[in-house]
file structure12.csv (CSV, C-alpha atoms and all ligand atoms)
chain,number,residue,atom,x,y,z
D,2,MET,CA,99.1,120.2,113.3
D,3,SER,CA,99.3,118.6,116.7
D,4,ALA,CA,101.4,115.6,115.9
D,5,GLU,CA,102.1,114.5,119.4
D,6,MET,CA,98.5,114.3,120.5
D,7,GLU,CA,97.7,110.7,120.0
D,8,ASN,CA,101.1,109.3,119.4
D,9,THR,CA,101.5,107.8,122.8
D,10,HIS,CA,99.4,104.8,121.7
D,11,GLU,CA,101.7,104.3,118.8
D,12,GLU,CA,104.9,104.5,120.8
D,13,GLU,CA,103.7,102.1,123.5
D,14,GLU,CA,103.8,99.3,121.0
D,15,GLU,CA,107.3,97.8,121.1
D,16,ARG,CA,108.5,96.6,117.7
D,17,GLN,CA,108.3,92.8,117.8
D,18,PRO,CA,111.3,90.8,116.7
D,19,LEU,CA,110.8,89.4,113.2
D,20,GLN,CA,109.3,86.0,113.1
D,21,LEU,CA,110.4,83.9,110.2
D,22,THR,CA,109.2,80.4,109.3
D,23,THR,CA,109.8,78.3,106.3
D,24,VAL,CA,107.0,75.9,105.3
D,25,MET,CA,107.1,73.3,102.6
D,26,LYS,CA,104.7,74.1,99.8
D,27,ARG,CA,104.1,70.7,98.4
D,28,PRO,CA,102.6,68.3,100.9
D,29,SER,CA,103.1,65.4,98.5
D,30,LEU,CA,106.8,65.5,99.2
D,31,GLU,CA,106.3,65.1,103.0
D,32,ASN,CA,107.2,61.4,103.0
D,33,ASP,CA,110.4,62.0,101.1
D,34,LEU,CA,111.4,64.7,103.6
D,35,THR,CA,110.8,62.7,106.8
D,36,SER,CA,112.8,59.8,105.5
D,37,ARG,CA,115.7,62.3,104.8
D,38,GLN,CA,115.9,63.0,108.6
D,39,GLU,CA,116.0,66.6,109.7
D,40,ASP,CA,117.6,67.8,106.5
D,41,ASN,CA,115.6,71.0,105.7
D,42,SER,CA,118.1,72.6,103.4
D,43,PRO,CA,116.4,73.6,100.2
D,44,THR,CA,116.9,71.4,97.2
D,45,GLU,CA,116.3,72.1,93.6
D,46,ASP,CA,113.0,70.4,93.2
D,47,LEU,CA,111.5,71.7,96.4
D,48,SER,CA,109.4,74.9,96.2
D,49,LEU,CA,109.9,76.9,99.4
D,50,ARG,CA,107.5,79.4,101.0
D,51,THR,CA,108.9,82.0,103.3
D,52,SER,CA,106.5,83.5,105.8
D,53,PHE,CA,106.7,86.7,107.9
D,54,VAL,CA,104.2,87.2,110.7
D,55,LEU,CA,102.7,90.7,111.1
D,56,GLY,CA,101.9,92.5,114.3
D,57,SER,CA,102.5,91.6,117.9
D,58,GLY,CA,101.1,90.0,121.1
D,59,ARG,CA,97.6,88.5,120.9
D,60,ARG,CA,96.9,89.8,117.5
D,61,GLN,CA,99.1,87.9,115.1
D,62,ASP,CA,96.8,86.9,112.4
D,63,ARG,CA,98.2,88.5,109.3
D,64,HIS,CA,101.2,87.0,107.5
D,65,VAL,CA,103.2,87.7,104.4
D,66,ASP,CA,104.2,84.8,102.3
D,67,ILE,CA,106.8,84.9,99.5
D,68,VAL,CA,106.3,82.3,96.8
D,69,ASP,CA,108.5,82.7,93.8
D,70,ASN,CA,107.6,86.0,92.1
D,71,GLU,CA,104.5,86.7,94.2
D,72,ILE,CA,103.9,88.1,97.7
D,73,ILE,CA,100.7,87.0,99.4
D,74,LEU,CA,99.3,88.9,102.3
D,75,ALA,CA,96.8,86.6,104.1
D,76,SER,CA,95.0,85.9,107.4
D,77,ASN,CA,95.3,82.8,109.6
D,78,THR,CA,91.6,82.9,110.6
D,79,SER,CA,90.0,83.6,107.3
D,80,MET,CA,91.0,82.0,104.1
D,81,PHE,CA,89.0,84.5,102.2
D,82,ARG,CA,91.0,87.5,103.4
D,83,ASN,CA,94.1,87.8,101.2
D,84,ILE,CA,95.7,89.6,98.4
D,85,THR,CA,98.4,88.5,96.0
D,86,PHE,CA,101.0,91.0,94.8
D,87,THR,CA,102.7,90.4,91.4
D,88,LEU,CA,106.1,92.1,90.9
D,89,ASN,CA,104.3,94.9,89.2
D,90,HIS,CA,101.7,95.4,92.1
D,91,TRP,CA,104.6,95.2,94.6
D,92,ALA,CA,106.5,97.9,92.7
D,93,HIS,CA,103.4,100.1,92.7
D,94,LEU,CA,103.0,99.5,96.5
D,95,ILE,CA,106.6,100.5,97.2
D,96,ALA,CA,106.1,103.7,95.2
D,97,ALA,CA,103.0,104.5,97.2
D,98,LEU,CA,104.4,103.7,100.7
D,99,ASN,CA,105.4,107.2,101.7
D,100,ASP,CA,102.1,108.8,100.7
D,101,ILE,CA,100.0,106.2,102.4
D,102,ASP,CA,102.2,106.3,105.5
D,103,THR,CA,101.9,110.1,105.7
D,104,VAL,CA,98.1,109.7,105.9
D,105,VAL,CA,98.3,106.9,108.5
D,106,LYS,CA,100.6,109.0,110.7
D,107,ARG,CA,98.4,112.1,110.3
D,108,LEU,CA,95.3,110.0,111.2
D,109,ASN,CA,97.1,108.7,114.3
D,110,ALA,CA,97.7,112.3,115.3
D,111,THR,CA,94.4,114.0,114.5
D,112,ASP,CA,90.9,114.1,115.8
D,113,GLU,CA,87.9,112.5,114.1
D,114,ASN,CA,86.8,115.4,112.0
D,115,GLU,CA,90.1,116.2,110.5
D,116,GLY,CA,90.6,112.5,110.0
D,117,ARG,CA,87.4,112.2,107.9
D,118,ARG,CA,88.6,115.1,105.7
D,119,LEU,CA,91.8,113.1,105.0
D,120,LEU,CA,89.9,110.0,104.0
D,121,ALA,CA,90.4,110.4,100.3
D,122,CYS,CA,93.6,108.4,100.0
D,123,ARG,CA,93.6,105.6,97.5
D,124,ARG,CA,96.2,104.4,95.1
D,125,HIS,CA,95.9,101.9,92.2
D,126,LEU,CA,98.4,99.1,92.4
D,127,GLY,CA,97.5,97.6,89.0
D,128,ASP,CA,94.8,95.3,87.7
D,129,GLY,CA,92.1,96.8,89.8
D,130,TYR,CA,93.9,96.3,93.1
D,131,TYR,CA,93.8,99.4,95.3
D,132,ILE,CA,95.4,100.4,98.6
D,133,ARG,CA,93.5,102.9,100.7
D,134,VAL,CA,93.4,104.2,104.3
D,135,LEU,CA,90.2,103.8,106.1
D,136,PHE,CA,89.8,106.3,109.0
D,137,SER,CA,86.7,104.8,110.6
D,138,LEU,CA,88.3,101.3,110.9
D,139,ARG,CA,91.8,102.8,111.5
D,140,CYS,CA,93.3,100.4,109.0
D,141,VAL,CA,95.0,100.2,105.6
D,142,ASP,CA,92.9,98.3,103.2
D,143,PHE,CA,94.0,96.3,100.1
D,144,ARG,CA,91.1,95.4,97.8
D,145,LYS,CA,90.2,94.4,94.3
D,146,TYR,CA,87.7,96.7,92.7
D,147,PHE,CA,85.4,96.0,89.8
D,148,VAL,CA,83.2,97.8,87.4
D,149,PRO,CA,79.7,96.4,87.1
D,150,TYR,CA,78.5,95.5,83.6
D,151,GLY,CA,77.2,98.5,81.8
D,152,TYR,CA,79.0,101.1,84.0
D,153,LYS,CA,81.7,103.5,82.9
D,154,SER,CA,85.3,102.5,83.6
D,155,SER,CA,85.6,105.3,86.1
D,156,GLN,CA,82.6,104.0,88.1
D,157,ILE,CA,84.6,101.4,90.0
D,158,ARG,CA,83.1,99.6,93.0
D,159,PRO,CA,84.9,97.8,95.8
D,160,PRO,CA,83.7,94.2,96.1
D,161,SER,CA,82.6,93.1,99.6
D,162,SER,CA,85.2,90.5,100.3
D,163,ASN,CA,88.1,90.3,97.9
D,164,GLY,CA,90.9,91.8,99.9
D,165,ILE,CA,92.5,92.3,103.4
D,166,THR,CA,93.0,95.0,105.9
D,167,LEU,CA,95.9,95.8,108.2
D,168,HIS,CA,95.6,97.6,111.5
D,169,PHE,CA,98.0,100.5,111.8
D,170,ASP,CA,100.5,98.6,114.0
D,171,GLU,CA,100.6,95.8,111.4
D,172,TRP,CA,101.1,98.4,108.7
D,173,LYS,CA,103.9,99.9,110.7
D,174,ASN,CA,105.5,96.4,111.1
D,175,LEU,CA,105.2,95.8,107.4
D,176,LEU,CA,106.8,99.1,106.5
D,177,GLU,CA,109.6,99.2,109.1
D,178,VAL,CA,110.6,95.6,109.3
D,179,ILE,CA,109.2,93.2,106.8
D,180,ILE,CA,109.7,95.1,103.6
D,181,LEU,CA,113.3,95.7,104.5
D,182,SER,CA,113.8,91.9,105.1
D,183,ILE,CA,112.1,91.1,101.8
D,184,ASN,CA,114.4,93.5,99.9
D,185,GLU,CA,117.4,92.0,101.6
D,186,ARG,CA,116.5,88.4,100.8
D,187,PHE,CA,114.5,88.6,97.6
D,188,PRO,CA,116.2,90.7,94.9
D,189,GLN,CA,113.3,90.1,92.5
D,190,PHE,CA,111.2,92.3,94.7
D,191,ALA,CA,113.9,94.8,95.6
D,192,ASN,CA,114.4,95.4,91.8
D,193,ALA,CA,110.8,95.2,90.8
D,194,LYS,CA,109.7,98.0,88.4
D,195,GLN,CA,106.3,99.4,87.8
D,196,CYS,CA,104.9,98.8,84.3
D,197,THR,CA,104.6,102.6,84.0
D,198,TYR,CA,108.3,102.7,83.5
D,199,ASP,CA,108.1,100.4,80.5
D,200,ASN,CA,108.9,101.8,77.1
D,201,ASN,CA,105.4,100.9,75.9
D,202,HIS,CA,104.0,103.5,78.4
D,203,SER,CA,105.9,106.4,76.7
D,204,THR,CA,102.9,107.6,74.7
D,205,GLN,CA,99.5,108.2,76.1
D,206,LEU,CA,97.8,106.0,73.6
D,207,ASN,CA,100.0,103.0,74.4
D,208,TRP,CA,99.7,103.7,78.1
D,209,PHE,CA,95.9,103.5,77.8
D,210,ARG,CA,96.4,100.1,76.3
D,211,CYS,CA,98.1,98.7,79.4
D,212,THR,CA,95.6,96.3,80.9
D,213,SER,CA,97.3,96.6,84.3
D,214,CYS,CA,97.0,100.4,84.5
D,215,PHE,CA,93.6,100.4,82.9
D,216,PRO,CA,92.0,97.1,83.8
D,217,PHE,CA,88.5,98.5,83.1
D,218,GLY,CA,89.4,100.4,79.9
D,219,TYR,CA,89.1,104.2,80.0
D,220,ASP,CA,86.2,106.6,79.4
S,301,ZN,ZN,100.8,99.8,83.0

call {"tool": "encode", "arguments": {"input": "structure12.csv", "output": "structure tokens", "more": "lines below"}}
Ligand SMILES: [Zn+2]
result
Amino acid sequence: MSAEMENTHEEEEERQPLQLTTVMKRPSLENDLTSRQEDNSPTEDLSLRTSFVLGSGRRQDRHVDIVDNEIILASNTSMFRNITFTLNHWAHLIAALNDIDTVVKRLNATDENEGRRLLACRRHLGDGYYIRVLFSLRCVDFRKYFVPYGYKSSQIRPPSSNGITLHFDEWKNLLEVIILSINERFPQFANAKQCTYDNNHSTQLNWFRCTSCFPFGYD
């Protein structure tokens, strides 16, 4: 495999310094806050949202928000483009990172024909949410799938809009910078476990009953 072929593009992009902003979640408390003068230290009754911006330069649209036990990947320009990770979804994503990134790196280094053969890369994150690599768009896609009424549970369909894509540079940023920061600051995500490690997944029959692993039932 000719790994160095198209890698120049990848290496030209300098890794941007991490941008971190903290935004108040509850606008109703705004008046309280302004009267307290510049004191932005978190207090017990304030819910804080930590936001990481993805990508670099002109294209800084995607951001990762941490809200309690959920991580939301969203777009500044389109409120419809987003995906929410529960702790279980996040643990599934972390377990899939290496496999997905291997495909992304190979796509960056291969020609179109070989790229199309590598297209079949899709991993279930739980509850019908999938991560996949799209060669034609050169992006990583997070999307909620569904099964139309009357179809078998294996006949899943991606809906048109429920999800978000990351360009490869944004994916790289997520992988190499943001996930590390999340793990350092938010132990609930660093320690998140996939439901597949629960005791109730130890027999096949019980595993089939997990509505996260089998959101559409099984054939
Ligand atoms: Zn499960």

call {"tool": "residues_near_ligand", "arguments": {"input": "structure12.csv", "ligand": "ligand ZN 301 (chain S)", "cutoff": "9 Å", "atoms": "only C-alpha atoms and all ligand atoms", "output": "PyMOL selection string"}}
result
chain D and resi 89+127-128+195-199+201-202+208-215

call {"tool": "atom_distance", "arguments": {"input": "structure12.csv", "atom1": "atom CA of Tyr219 of chain D", "atom2": "atom CA of Lys153 of chain D"}}
result
8.0 Å

call {"tool": "atom_distance", "arguments": {"input": "structure12.csv", "atom1": "atom CA of Asp62 of chain D", "atom2": "atom CA of Asp170 of chain D"}}
result
12.4 Å

call {"tool": "atom_distance", "arguments": {"input": "structure12.csv", "atom1": "atom CA of Ser154 of chain D", "atom2": "atom CA of Asn83 of chain D"}}
result
24.6 Å

call {"tool": "closest_residue", "arguments": {"input": "structure12.csv", "among": "D:Arg60, D:His90, D:Lys173, D:Arg124", "to": "Ser76 of chain D", "atoms": "all atoms listed in the file"}}
result
D:Arg60

call {"tool": "closest_residue", "arguments": {"input": "structure12.csv", "among": "D:Phe81, D:Trp91, D:Phe217, D:Phe53", "to": "Pro149 of chain D", "atoms": "only C-alpha atoms"}}
result
D:Phe217

call {"tool": "residues_around", "arguments": {"input": "structure12.csv", "residues": "segment 175-179 of chain D", "least_positions_apart": "6", "cutoff": "12 Å", "atoms": "all atoms listed in the file", "output": "NGL selection string"}}
result
:D and (16-21 or 51-57 or 63-67 or 72 or 74 or 94-95 or 97-99 or 101-102 or 105 or 141 or 167-169 or 185-187)

call {"tool": "residues_around", "arguments": {"input": "structure12.csv", "residues": "Phe190 of chain D", "least_positions_apart": "5", "cutoff": "8 Å", "atoms": "all atoms listed in the file", "output": "number ranges by chain"}}
result
D: 70, 88, 91-92, 183-184
